[in-house]
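Enquirer: Data: model.cif, mmCIF, C-alpha atoms.
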data_protein
#
loop_
_atom_site.group_PDB
_atom_site.id
_atom_site.type_symbol
_atom_site.label_atom_id
_atom_site.label_comp_id
_atom_site.auth_asym_id
_atom_site.auth_seq_id
_atom_site.Cartn_x
_atom_site.Cartn_y
_atom_site.Cartn_z
ATOM 1 C CA MET A 258 58.828 15.422 27.800
ATOM 2 C CA ALA A 259 58.189 12.241 29.749
ATOM 3 C CA ALA A 260 58.047 9.044 27.735
ATOM 4 C CA ARG A 261 54.687 7.318 27.567
ATOM 5 C CA LYS A 262 54.416 3.742 28.731
ATOM 6 C CA THR A 263 54.606 1.053 26.087
ATOM 7 C CA ASN A 264 53.480 -2.542 26.224
ATOM 8 C CA ALA A 265 55.864 -4.500 28.448
ATOM 9 C CA LYS A 266 55.416 -7.535 26.183
ATOM 10 C CA SER A 267 56.321 -5.565 23.073
ATOM 11 C CA ASN A 268 58.505 -7.396 20.557
ATOM 12 C CA THR A 269 60.101 -4.101 19.504
ATOM 13 C CA SER A 270 63.881 -4.236 19.840
ATOM 14 C CA PRO A 271 66.291 -1.320 20.427
ATOM 15 C CA GLU A 272 67.331 -1.672 16.780
ATOM 16 C CA ASP A 273 63.681 -1.339 15.751
ATOM 17 C CA LEU A 274 63.399 1.851 17.801
ATOM 18 C CA LYS A 275 66.517 3.290 16.166
ATOM 19 C CA SER A 276 65.101 2.465 12.737
ATOM 20 C CA PHE A 277 61.743 4.065 13.620
ATOM 21 C CA TYR A 278 63.500 7.184 14.880
ATOM 22 C CA ARG A 279 65.506 7.527 11.686
ATOM 23 C CA ASP A 280 62.560 6.855 9.381
ATOM 24 C CA MET A 281 60.237 9.296 11.146
ATOM 25 C CA LEU A 282 62.947 11.956 11.273
ATOM 26 C CA LEU A 283 63.540 11.558 7.537
ATOM 27 C CA ILE A 284 59.855 12.213 6.842
ATOM 28 C CA ARG A 285 59.744 15.259 9.102
ATOM 29 C CA ARG A 286 62.933 16.871 7.773
ATOM 30 C CA PHE A 287 61.878 16.115 4.195
ATOM 31 C CA GLU A 288 58.499 17.755 4.732
ATOM 32 C CA GLU A 289 60.088 20.772 6.394
ATOM 33 C CA LYS A 290 62.341 21.161 3.355
ATOM 34 C CA ALA A 291 59.372 20.724 1.006
ATOM 35 C CA GLY A 292 57.636 23.539 2.865
ATOM 36 C CA GLN A 293 60.682 25.742 2.335
ATOM 37 C CA LEU A 294 60.847 24.970 -1.388
ATOM 38 C CA TYR A 295 57.129 25.702 -1.707
ATOM 39 C CA GLY A 296 57.680 29.074 -0.079
ATOM 40 C CA MET A 297 60.461 29.770 -2.573
ATOM 41 C CA GLY A 298 58.117 29.041 -5.484
ATOM 42 C CA LEU A 299 59.921 25.858 -6.530
ATOM 43 C CA ILE A 300 56.882 23.658 -5.852
ATOM 44 C CA GLY A 301 53.661 24.591 -7.617
ATOM 45 C CA GLY A 302 50.054 23.572 -7.128
ATOM 46 C CA PHE A 303 48.917 21.977 -3.904
ATOM 47 C CA CYS A 304 51.270 20.654 -1.240
ATOM 48 C CA HIS A 305 49.958 18.770 1.815
ATOM 49 C CA LEU A 306 52.572 18.113 4.506
ATOM 50 C CA TYR A 307 52.653 15.070 6.802
ATOM 51 C CA ILE A 308 54.373 16.720 9.773
ATOM 52 C CA GLY A 309 53.052 15.200 13.006
ATOM 53 C CA GLN A 310 51.686 11.991 11.483
ATOM 54 C CA GLU A 311 54.978 10.176 10.902
ATOM 55 C CA ALA A 312 54.339 7.301 13.322
ATOM 56 C CA VAL A 313 51.375 6.056 11.290
ATOM 57 C CA VAL A 314 53.193 5.014 8.125
ATOM 58 C CA VAL A 315 56.453 4.064 9.838
ATOM 59 C CA GLY A 316 54.625 1.785 12.267
ATOM 60 C CA LEU A 317 52.515 0.134 9.583
ATOM 61 C CA GLU A 318 55.425 -0.358 7.182
ATOM 62 C CA ALA A 319 57.124 -2.265 10.021
ATOM 63 C CA ALA A 320 54.212 -4.719 9.847
ATOM 64 C CA ALA A 321 54.378 -5.108 6.053
ATOM 65 C CA LYS A 322 56.298 -7.611 3.953
ATOM 66 C CA ASP A 323 57.591 -7.637 0.385
ATOM 67 C CA GLY A 324 54.667 -7.742 -2.011
ATOM 68 C CA ASP A 325 52.261 -5.815 0.202
ATOM 69 C CA LYS A 326 50.719 -2.748 -1.451
ATOM 70 C CA ARG A 327 49.835 0.721 -0.290
ATOM 71 C CA ILE A 328 47.577 3.451 -1.646
ATOM 72 C CA THR A 329 46.701 6.777 -0.076
ATOM 73 C CA SER A 330 45.358 10.299 -0.509
ATOM 74 C CA TYR A 331 47.104 13.527 -1.487
ATOM 75 C CA ARG A 332 48.980 13.788 1.872
ATOM 76 C CA ASP A 333 51.364 11.180 0.585
ATOM 77 C CA HIS A 334 55.057 12.126 0.808
ATOM 78 C CA GLY A 335 55.473 10.308 4.140
ATOM 79 C CA HIS A 336 54.011 7.120 2.710
ATOM 80 C CA MET A 337 56.461 7.246 -0.194
ATOM 81 C CA LEU A 338 59.498 7.651 2.028
ATOM 82 C CA ALA A 339 58.301 5.028 4.539
ATOM 83 C CA CYS A 340 57.998 2.338 1.849
ATOM 84 C CA GLY A 341 61.530 3.027 0.631
ATOM 85 C CA MET A 342 61.086 5.395 -2.296
ATOM 86 C CA ASN A 343 64.177 7.544 -2.932
ATOM 87 C CA PRO A 344 63.981 11.083 -1.449
ATOM 88 C CA ASP A 345 65.700 12.433 -4.588
ATOM 89 C CA GLY A 346 62.957 11.114 -6.855
ATOM 90 C CA VAL A 347 60.191 12.276 -4.543
ATOM 91 C CA MET A 348 61.565 15.819 -4.220
ATOM 92 C CA ALA A 349 62.224 16.036 -7.958
ATOM 93 C CA GLU A 350 58.610 15.088 -8.602
ATOM 94 C CA LEU A 351 57.399 17.745 -6.174
ATOM 95 C CA THR A 352 59.329 20.339 -8.162
ATOM 96 C CA GLY A 353 58.087 19.041 -11.527
ATOM 97 C CA ARG A 354 61.428 17.707 -12.793
ATOM 98 C CA ILE A 355 62.226 14.833 -15.123
ATOM 99 C CA GLY A 356 64.118 13.048 -12.324
ATOM 100 C CA GLY A 357 60.891 12.615 -10.394
ATOM 101 C CA TYR A 358 58.999 9.357 -9.979
ATOM 102 C CA SER A 359 56.394 10.428 -12.554
ATOM 103 C CA LYS A 360 58.827 12.397 -14.733
ATOM 104 C CA GLY A 361 57.662 15.644 -13.176
ATOM 105 C CA LYS A 362 54.094 15.228 -14.434
ATOM 106 C CA GLY A 363 52.420 14.030 -11.242
ATOM 107 C CA GLY A 364 53.626 16.508 -8.678
ATOM 108 C CA SER A 365 52.838 16.272 -4.984
ATOM 109 C CA MET A 366 49.562 14.375 -5.248
ATOM 110 C CA HIS A 367 50.017 11.957 -8.148
ATOM 111 C CA MET A 368 53.214 9.967 -8.155
ATOM 112 C CA PHE A 369 53.628 6.225 -7.784
ATOM 113 C CA SER A 370 56.228 3.474 -7.753
ATOM 114 C CA LYS A 371 55.457 0.057 -9.179
ATOM 115 C CA GLU A 372 58.751 -1.224 -7.744
ATOM 116 C CA LYS A 373 57.759 -0.269 -4.192
ATOM 117 C CA HIS A 374 54.081 -1.203 -4.696
ATOM 118 C CA PHE A 375 53.032 2.394 -4.007
ATOM 119 C CA TYR A 376 49.935 3.247 -6.043
ATOM 120 C CA GLY A 377 49.420 6.957 -5.229
ATOM 121 C CA GLY A 378 48.683 9.715 -4.240
ATOM 122 C CA HIS A 379 45.045 10.590 -5.191
ATOM 123 C CA GLY A 380 43.612 14.092 -5.318
ATOM 124 C CA ILE A 381 39.915 13.186 -5.170
ATOM 125 C CA VAL A 382 38.783 12.662 -1.580
ATOM 126 C CA ALA A 383 38.273 8.916 -0.868
ATOM 127 C CA ALA A 384 38.835 7.916 -4.516
ATOM 128 C CA GLN A 385 41.700 5.662 -3.449
ATOM 129 C CA VAL A 386 39.503 3.539 -1.152
ATOM 130 C CA PRO A 387 37.748 1.443 -3.846
ATOM 131 C CA LEU A 388 41.033 1.295 -5.768
ATOM 132 C CA GLY A 389 42.694 -0.178 -2.673
ATOM 133 C CA ALA A 390 40.015 -2.859 -2.534
ATOM 134 C CA GLY A 391 40.728 -3.565 -6.194
ATOM 135 C CA LEU A 392 44.414 -4.073 -5.464
ATOM 136 C CA ALA A 393 43.455 -6.487 -2.682
ATOM 137 C CA PHE A 394 41.069 -8.302 -5.019
ATOM 138 C CA SER A 395 43.981 -8.853 -7.405
ATOM 139 C CA ASP A 396 46.011 -10.578 -4.688
ATOM 140 C CA LYS A 397 43.071 -12.718 -3.582
ATOM 141 C CA TYR A 398 42.485 -13.726 -7.221
ATOM 142 C CA LYS A 399 46.159 -14.696 -7.569
ATOM 143 C CA GLY A 400 46.024 -16.728 -4.377
ATOM 144 C CA ASN A 401 48.928 -15.101 -2.541
ATOM 145 C CA ASP A 402 48.911 -13.742 1.020
ATOM 146 C CA ASN A 403 49.725 -10.109 0.223
ATOM 147 C CA VAL A 404 47.847 -7.313 1.956
ATOM 148 C CA THR A 405 46.910 -3.826 0.733
ATOM 149 C CA PHE A 406 47.090 -0.866 3.108
ATOM 150 C CA THR A 407 44.389 1.598 2.037
ATOM 151 C CA TYR A 408 44.830 4.947 3.780
ATOM 152 C CA PHE A 409 42.231 7.691 4.058
ATOM 153 C CA GLY A 410 41.353 10.448 6.511
ATOM 154 C CA ASP A 411 38.559 11.283 8.919
ATOM 155 C CA GLY A 412 37.096 13.648 6.319
ATOM 156 C CA ALA A 413 37.085 10.987 3.612
ATOM 157 C CA ALA A 414 35.377 8.632 6.068
ATOM 158 C CA ASN A 415 32.126 10.520 5.385
ATOM 159 C CA GLN A 416 32.198 9.719 1.663
ATOM 160 C CA GLY A 417 29.669 7.176 0.403
ATOM 161 C CA GLN A 418 32.103 5.210 -1.754
ATOM 162 C CA VAL A 419 33.970 4.210 1.429
ATOM 163 C CA TYR A 420 30.954 2.208 2.606
ATOM 164 C CA GLU A 421 30.282 0.705 -0.803
ATOM 165 C CA THR A 422 33.884 -0.499 -0.628
ATOM 166 C CA PHE A 423 33.467 -1.826 2.923
ATOM 167 C CA ASN A 424 30.490 -3.860 1.723
ATOM 168 C CA MET A 425 32.322 -5.401 -1.225
ATOM 169 C CA ALA A 426 35.517 -6.032 0.744
ATOM 170 C CA ALA A 427 33.555 -7.844 3.449
ATOM 171 C CA LEU A 428 31.451 -9.761 0.944
ATOM 172 C CA TRP A 429 34.535 -11.029 -0.870
ATOM 173 C CA ASP A 430 36.844 -11.369 2.172
ATOM 174 C CA LEU A 431 39.426 -9.081 0.599
ATOM 175 C CA PRO A 432 42.866 -8.817 2.269
ATOM 176 C CA VAL A 433 42.739 -5.050 2.775
ATOM 177 C CA VAL A 434 43.623 -3.018 5.861
ATOM 178 C CA PHE A 435 41.582 0.180 5.843
ATOM 179 C CA VAL A 436 43.686 2.762 7.688
ATOM 180 C CA ILE A 437 41.757 5.826 8.852
ATOM 181 C CA GLU A 438 44.384 8.487 9.563
ATOM 182 C CA ASN A 439 42.251 10.523 11.951
ATOM 183 C CA ASN A 440 44.218 13.753 12.303
ATOM 184 C CA GLN A 441 41.180 15.434 13.881
ATOM 185 C CA TYR A 442 40.459 17.902 11.060
ATOM 186 C CA ALA A 443 38.969 17.425 7.593
ATOM 187 C CA MET A 444 40.423 20.483 5.883
ATOM 188 C CA GLY A 445 39.155 23.042 8.401
ATOM 189 C CA THR A 446 36.307 21.104 10.010
ATOM 190 C CA SER A 447 36.916 19.236 13.264
ATOM 191 C CA GLN A 448 35.748 15.646 13.515
ATOM 192 C CA GLN A 449 33.354 16.608 16.312
ATOM 193 C CA ARG A 450 31.484 18.918 13.939
ATOM 194 C CA SER A 451 31.334 16.523 10.973
ATOM 195 C CA THR A 452 30.981 12.997 12.345
ATOM 196 C CA SER A 453 28.041 11.645 14.326
ATOM 197 C CA SER A 454 29.925 8.626 15.674
ATOM 198 C CA PRO A 455 32.947 9.403 17.880
ATOM 199 C CA ASP A 456 34.830 6.215 16.836
ATOM 200 C CA ILE A 457 34.863 5.984 13.059
ATOM 201 C CA TYR A 458 36.215 2.421 12.895
ATOM 202 C CA MET A 459 32.996 1.124 14.475
ATOM 203 C CA ARG A 460 31.138 1.917 11.260
ATOM 204 C CA GLY A 461 32.650 -1.274 9.916
ATOM 205 C CA GLU A 462 30.512 -3.316 12.311
ATOM 206 C CA ALA A 463 27.520 -2.912 9.985
ATOM 207 C CA PHE A 464 29.484 -4.947 7.409
ATOM 208 C CA GLY A 465 30.983 -7.405 9.873
ATOM 209 C CA ILE A 466 34.449 -5.827 9.580
ATOM 210 C CA LYS A 467 36.609 -6.041 12.687
ATOM 211 C CA GLY A 468 38.752 -3.129 13.743
ATOM 212 C CA GLN A 469 40.320 -1.139 16.523
ATOM 213 C CA ILE A 470 41.451 2.337 17.519
ATOM 214 C CA VAL A 471 45.167 3.055 17.887
ATOM 215 C CA ASP A 472 47.321 5.816 19.367
ATOM 216 C CA GLY A 473 48.846 7.167 16.169
ATOM 217 C CA MET A 474 51.458 9.169 18.070
ATOM 218 C CA ASP A 475 53.039 5.948 19.393
ATOM 219 C CA VAL A 476 54.891 4.121 16.618
ATOM 220 C CA VAL A 477 55.215 0.928 18.695
ATOM 221 C CA ALA A 478 51.454 0.805 19.277
ATOM 222 C CA VAL A 479 50.842 1.362 15.560
ATOM 223 C CA LYS A 480 53.258 -1.398 14.597
ATOM 224 C CA GLU A 481 51.626 -3.900 16.963
ATOM 225 C CA ALA A 482 48.118 -3.004 15.779
ATOM 226 C CA GLY A 483 49.360 -3.321 12.204
ATOM 227 C CA GLU A 484 50.734 -6.793 12.891
ATOM 228 C CA ALA A 485 47.362 -7.890 14.247
ATOM 229 C CA ALA A 486 45.568 -6.418 11.234
ATOM 230 C CA VAL A 487 47.801 -8.049 8.612
ATOM 231 C CA ALA A 488 47.662 -11.398 10.422
ATOM 232 C CA HIS A 489 43.855 -11.200 10.216
ATOM 233 C CA CYS A 490 44.005 -10.454 6.476
ATOM 234 C CA ARG A 491 46.698 -13.017 5.633
ATOM 235 C CA ALA A 492 44.648 -15.699 7.387
ATOM 236 C CA GLY A 493 41.851 -15.141 4.867
ATOM 237 C CA LYS A 494 39.478 -13.528 7.373
ATOM 238 C CA GLY A 495 38.710 -10.523 5.195
ATOM 239 C CA PRO A 496 39.278 -6.798 5.711
ATOM 240 C CA TYR A 497 40.280 -4.987 8.891
ATOM 241 C CA ILE A 498 39.912 -1.352 9.977
ATOM 242 C CA LEU A 499 42.515 0.596 11.941
ATOM 243 C CA GLU A 500 41.481 4.044 13.106
ATOM 244 C CA VAL A 501 44.779 5.701 13.930
ATOM 245 C CA LYS A 502 44.389 8.807 16.105
ATOM 246 C CA THR A 503 47.054 11.239 14.975
ATOM 247 C CA TYR A 504 47.512 14.989 14.520
ATOM 248 C CA ARG A 505 48.859 17.264 11.811
ATOM 249 C CA TYR A 506 50.877 20.236 12.990
ATOM 250 C CA ARG A 507 50.554 22.284 9.800
ATOM 251 C CA GLY A 508 47.474 23.433 7.922
ATOM 252 C CA HIS A 509 45.523 21.191 5.586
ATOM 253 C CA SER A 510 47.785 22.365 2.770
ATOM 254 C CA MET A 511 50.448 25.032 2.375
ATOM 255 C CA SER A 512 47.729 27.558 1.506
ATOM 256 C CA ASP A 513 45.826 26.959 4.766
ATOM 257 C CA PRO A 514 46.512 29.385 7.658
ATOM 258 C CA ALA A 515 44.692 26.960 10.034
ATOM 259 C CA LYS A 516 42.783 29.660 11.900
ATOM 260 C CA TYR A 517 40.138 27.117 12.947
ATOM 261 C CA ARG A 518 42.306 25.947 15.873
ATOM 262 C CA THR A 519 44.462 27.723 18.428
ATOM 263 C CA ARG A 520 48.225 27.854 18.473
ATOM 264 C CA GLU A 521 48.026 26.564 22.052
ATOM 265 C CA GLU A 522 46.225 23.401 20.879
ATOM 266 C CA VAL A 523 48.972 22.551 18.419
ATOM 267 C CA GLN A 524 51.726 23.360 20.913
ATOM 268 C CA LYS A 525 50.123 21.139 23.545
ATOM 269 C CA VAL A 526 50.192 18.141 21.195
ATOM 270 C CA ARG A 527 53.807 18.869 20.236
ATOM 271 C CA GLU A 528 54.886 19.026 23.867
ATOM 272 C CA LYS A 529 52.947 16.049 25.204
ATOM 273 C CA SER A 530 52.485 13.615 22.317
ATOM 274 C CA ASP A 531 55.106 14.119 19.601
ATOM 275 C CA ALA A 532 55.862 10.725 18.033
ATOM 276 C CA ILE A 533 59.538 11.371 17.318
ATOM 277 C CA GLU A 534 60.241 12.769 20.783
ATOM 278 C CA HIS A 535 58.528 9.706 22.259
ATOM 279 C CA VAL A 536 60.945 7.316 20.523
ATOM 280 C CA ARG A 537 63.853 9.606 21.352
ATOM 281 C CA ASP A 538 62.922 9.345 25.042
ATOM 282 C CA LEU A 539 62.652 5.543 24.831
ATOM 283 C CA LEU A 540 66.122 5.328 23.287
ATOM 284 C CA LEU A 541 67.740 7.657 25.815
ATOM 285 C CA GLN A 542 65.993 6.344 28.926
ATOM 286 C CA GLY A 543 66.645 2.744 27.897
ATOM 287 C CA LYS A 544 70.302 3.650 27.269
ATOM 288 C CA HIS A 545 69.996 2.328 23.701
ATOM 289 C CA ALA A 546 71.487 5.535 22.276
ATOM 290 C CA THR A 547 73.276 8.658 23.475
ATOM 291 C CA GLU A 548 72.452 12.297 22.792
ATOM 292 C CA ASP A 549 75.482 12.501 20.498
ATOM 293 C CA GLU A 550 74.401 9.439 18.521
ATOM 294 C CA LEU A 551 70.925 10.888 17.964
ATOM 295 C CA LYS A 552 72.422 14.233 16.947
ATOM 296 C CA ALA A 553 74.536 12.347 14.393
ATOM 297 C CA VAL A 554 71.368 10.725 12.982
ATOM 298 C CA ASP A 555 69.741 14.147 12.657
ATOM 299 C CA LYS A 556 72.826 15.483 10.875
ATOM 300 C CA GLU A 557 72.812 12.518 8.473
ATOM 301 C CA ILE A 558 69.100 12.965 7.719
ATOM 302 C CA LYS A 559 69.495 16.691 7.087
ATOM 303 C CA ALA A 560 72.294 15.922 4.611
ATOM 304 C CA ILE A 561 70.089 13.405 2.752
ATOM 305 C CA VAL A 562 67.233 15.920 2.556
ATOM 306 C CA ASN A 563 69.504 18.755 1.423
ATOM 307 C CA GLU A 564 70.916 16.479 -1.277
ATOM 308 C CA SER A 565 67.381 15.666 -2.444
ATOM 309 C CA ALA A 566 66.635 19.380 -2.742
ATOM 310 C CA GLU A 567 69.806 19.962 -4.754
ATOM 311 C CA PHE A 568 68.987 16.992 -6.998
ATOM 312 C CA ALA A 569 65.545 18.447 -7.607
ATOM 313 C CA LYS A 570 66.892 21.905 -8.398
ATOM 314 C CA THR A 571 69.428 20.573 -10.900
ATOM 315 C CA SER A 572 67.192 18.000 -12.587
ATOM 316 C CA PRO A 573 65.833 19.382 -15.893
ATOM 317 C CA GLU A 574 62.173 20.062 -16.508
ATOM 318 C CA PRO A 575 60.422 17.485 -18.721
ATOM 319 C CA ALA A 576 60.750 17.985 -22.479
ATOM 320 C CA LEU A 577 57.597 19.062 -24.312
ATOM 321 C CA ASP A 578 57.269 15.650 -25.992
ATOM 322 C CA GLU A 579 56.622 14.173 -22.514
ATOM 323 C CA LEU A 580 53.109 15.565 -22.932
ATOM 324 C CA TRP A 581 52.448 12.631 -25.290
ATOM 325 C CA THR A 582 53.806 9.821 -23.118
ATOM 326 C CA ASP A 583 51.969 7.717 -20.505
ATOM 327 C CA ILE A 584 48.543 8.611 -21.877
ATOM 328 C CA TYR A 585 45.800 6.502 -23.437
ATOM 329 C CA ALA A 586 45.555 8.260 -26.783
#
Render the structure in this file as structure tokens.
Expert:
Amino acid sequence: MAARKTNAKSNTSPEDLKSFYRDMLLIRRFEEKAGQLYGMGLIGGFCHLYIGQEAVVVGLEAAAKDGDKRITSYRDHGHMLACGMNPDGVMAELTGRIGGYSKGKGGSMHMFSKEKHFYGGHGIVAAQVPLGAGLAFSDKYKGNDNVTFTYFGDGAANQGQVYETFNMAALWDLPVVFVIENNQYAMGTSQQRSTSSPDIYMRGEAFGIKGQIVDGMDVVAVKEAGEAAVAHCRAGKGPYILEVKTYRYRGHSMSDPAKYRTREEVQKVREKSDAIEHVRDLLLQGKHATEDELKAVDKEIKAIVNESAEFAKTSPEPALDELWTDIYA
């Protein structure tokens, strides 16, 4: 696959590219393993995989700093890994074990990490959007320059609470980056069939919110757009919208056979636009890494993921008295 052109003025170094490659590969291999464990019956409930969308979170985390927050929907494992959460704890949570980030009680959709400023994982479509504005309000109130990345999809972009949040965020100049992960399909409905405006980010214009559209299969482009967005927010100019055009290779969840699109459509994206292959090509063609070095990275990542699966399998299930912890009453 031929590498796509990147900005000649890019400030992305060869070391950055190597880091992006490793981080995206970790997400993909982790999600592939999660899919296997789900098939074996070790993961219950819903499980939404992030395969294909890795460049979005890896690129935006490259634009973040310590103290920045992130909140997202139920397709959240990639976000956890990208912000530095331990694969062991994430996989253990997926399998409902005490070694998980929420002691096995949150599962795939509802884990968080206060240490990494990751606030979920939310099962209700678009519910995280007003919560993300609330996190940003907290930072504005405290007078720091932290930013909150609030992720939601093209399907959630049709929910009314999104626009109530846009209005309040603009009114109060909240330091929030609204990230629309447009993977083209809301469950089984294509964006063309559900959205009257072809560019979703432009809906922010009604509230005076600036934004842009980004190639979400190019991690360098995402990083640079993210840097522009956070600079806008840190300067006190209010919210910013990034519509990141990406693509999910699997169904909406593990229970979705994805019959609403052709196998040829998915294969075409894999062959022409895959985010990991793009960075791989940049590294090889720029002579920043050899085939053997990249194979060694893949081997290392597979070992980390296999270890996370073993940790999850051997971690005990929560004791019954855990039913009475972390609740209001």
Enquirer: Pick the closest to A:Glu579 from A:Ser276, A:Arg354, A:Asp396, A:Ala463: which is it, counting only C-alpha atoms?
Expert: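 Closest to A:Glu579, using only C-alpha atoms: A:Arg354.
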Enquirer: Just give me the gap between atom CA of A:Val315 and atom CA of A:Ala426 in Å, one decimal is fine.
Expert: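 Straight-line distance from atom CA of A:Val315 to atom CA of A:Ala426 works out to 25.0 Å.
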Enquirer: I'd like the interatomic distance between atom CA of A:Pro496 and atom CA of A:Gly461, to a tenth of an Å.
Expert: 9.6 Å
Enquirer: Calculated over only C-alpha atoms, which of the candidates A:Asp583, A:Glu438, A:Asp578, A:Glu462 has the smallest distance to A:Asn424?
Expert: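 Of A:Asp583, A:Glu438, A:Asp578, A:Glu462, the one nearest A:Asn424 is A:Glu462, counting only C-alpha atoms.
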Enquirer: Please determine, counting all atoms listed in the file, which residue among A:Ile308, A:Met444, A:Ala321, A:Ile498 has the shortest atom-to-atom distance to A:Lys480.
Expert: A:Ala321
Enquirer: Any chance you could work out the axis-aligned box around stretch 449-456 of chain A, listed atoms only, 5 Å on each side, giving centre and edge lengths in Å to one decimal, as lines of an AutoDock Vina configuration file?
Expert:
center_x = 31.4
center_y = 12.6
center_z = 14.4
size_x = 16.8
size_y = 22.7
size_z = 16.9
Enquirer: Go through A:Leu283, A:Ala349, A:Leu274, A:Ala414 and flag the residue nearest A:Lys556, using only C-alpha atoms for the distances.
Expert: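 Between A:Leu283, A:Ala349, A:Leu274, A:Ala414, the residue approaching A:Lys556 most closely is A:Leu283.
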Enquirer: Just save stretch 479-507 of chain A with C-alpha atoms, as an mmCIF file, in the first residue's frame.
Expert:
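As written to disk, decode-v3.cif reads:
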data_model
loop_
_atom_site.group_PDB
_atom_site.id
_atom_site.type_symbol
_atom_site.label_atom_id
_atom_site.label_comp_id
_atom_site.auth_asym_id
_atom_site.auth_seq_id
_atom_site.Cartn_x
_atom_site.Cartn_y
_atom_site.Cartn_z
ATOM 1 C CA VAL A 479 -5.133 13.959 13.787
ATOM 2 C CA LYS A 480 -2.283 15.004 16.060
ATOM 3 C CA GLU A 481 -1.826 18.331 14.258
ATOM 4 C CA ALA A 482 -5.564 19.068 14.291
ATOM 5 C CA GLY A 483 -5.602 18.155 17.978
ATOM 6 C CA GLU A 484 -2.776 20.587 18.703
ATOM 7 C CA ALA A 485 -4.714 23.383 17.018
ATOM 8 C CA ALA A 486 -7.862 22.497 18.958
ATOM 9 C CA VAL A 487 -6.197 22.389 22.384
ATOM 10 C CA ALA A 488 -4.318 25.630 21.689
ATOM 11 C CA HIS A 489 -7.688 27.271 20.961
ATOM 12 C CA CYS A 490 -9.143 25.947 24.232
ATOM 13 C CA ARG A 491 -6.099 26.708 26.397
ATOM 14 C CA ALA A 492 -6.130 30.293 25.122
ATOM 15 C CA GLY A 493 -9.583 30.757 26.655
ATOM 16 C CA LYS A 494 -11.399 30.928 23.310
ATOM 17 C CA GLY A 495 -14.026 28.362 24.244
ATOM 18 C CA PRO A 496 -14.904 24.969 22.766
ATOM 19 C CA TYR A 497 -13.719 23.446 19.500
ATOM 20 C CA ILE A 498 -15.157 20.676 17.311
ATOM 21 C CA LEU A 499 -13.089 18.061 15.490
ATOM 22 C CA GLU A 500 -14.986 15.788 13.133
ATOM 23 C CA VAL A 501 -12.599 12.900 12.614
ATOM 24 C CA LYS A 502 -13.466 10.774 9.572
ATOM 25 C CA THR A 503 -12.600 7.208 10.484
ATOM 26 C CA TYR A 504 -13.912 3.689 9.873
ATOM 27 C CA ARG A 505 -14.633 0.640 11.996
ATOM 28 C CA TYR A 506 -13.749 -2.700 10.460
ATOM 29 C CA ARG A 507 -15.952 -4.824 12.721
#
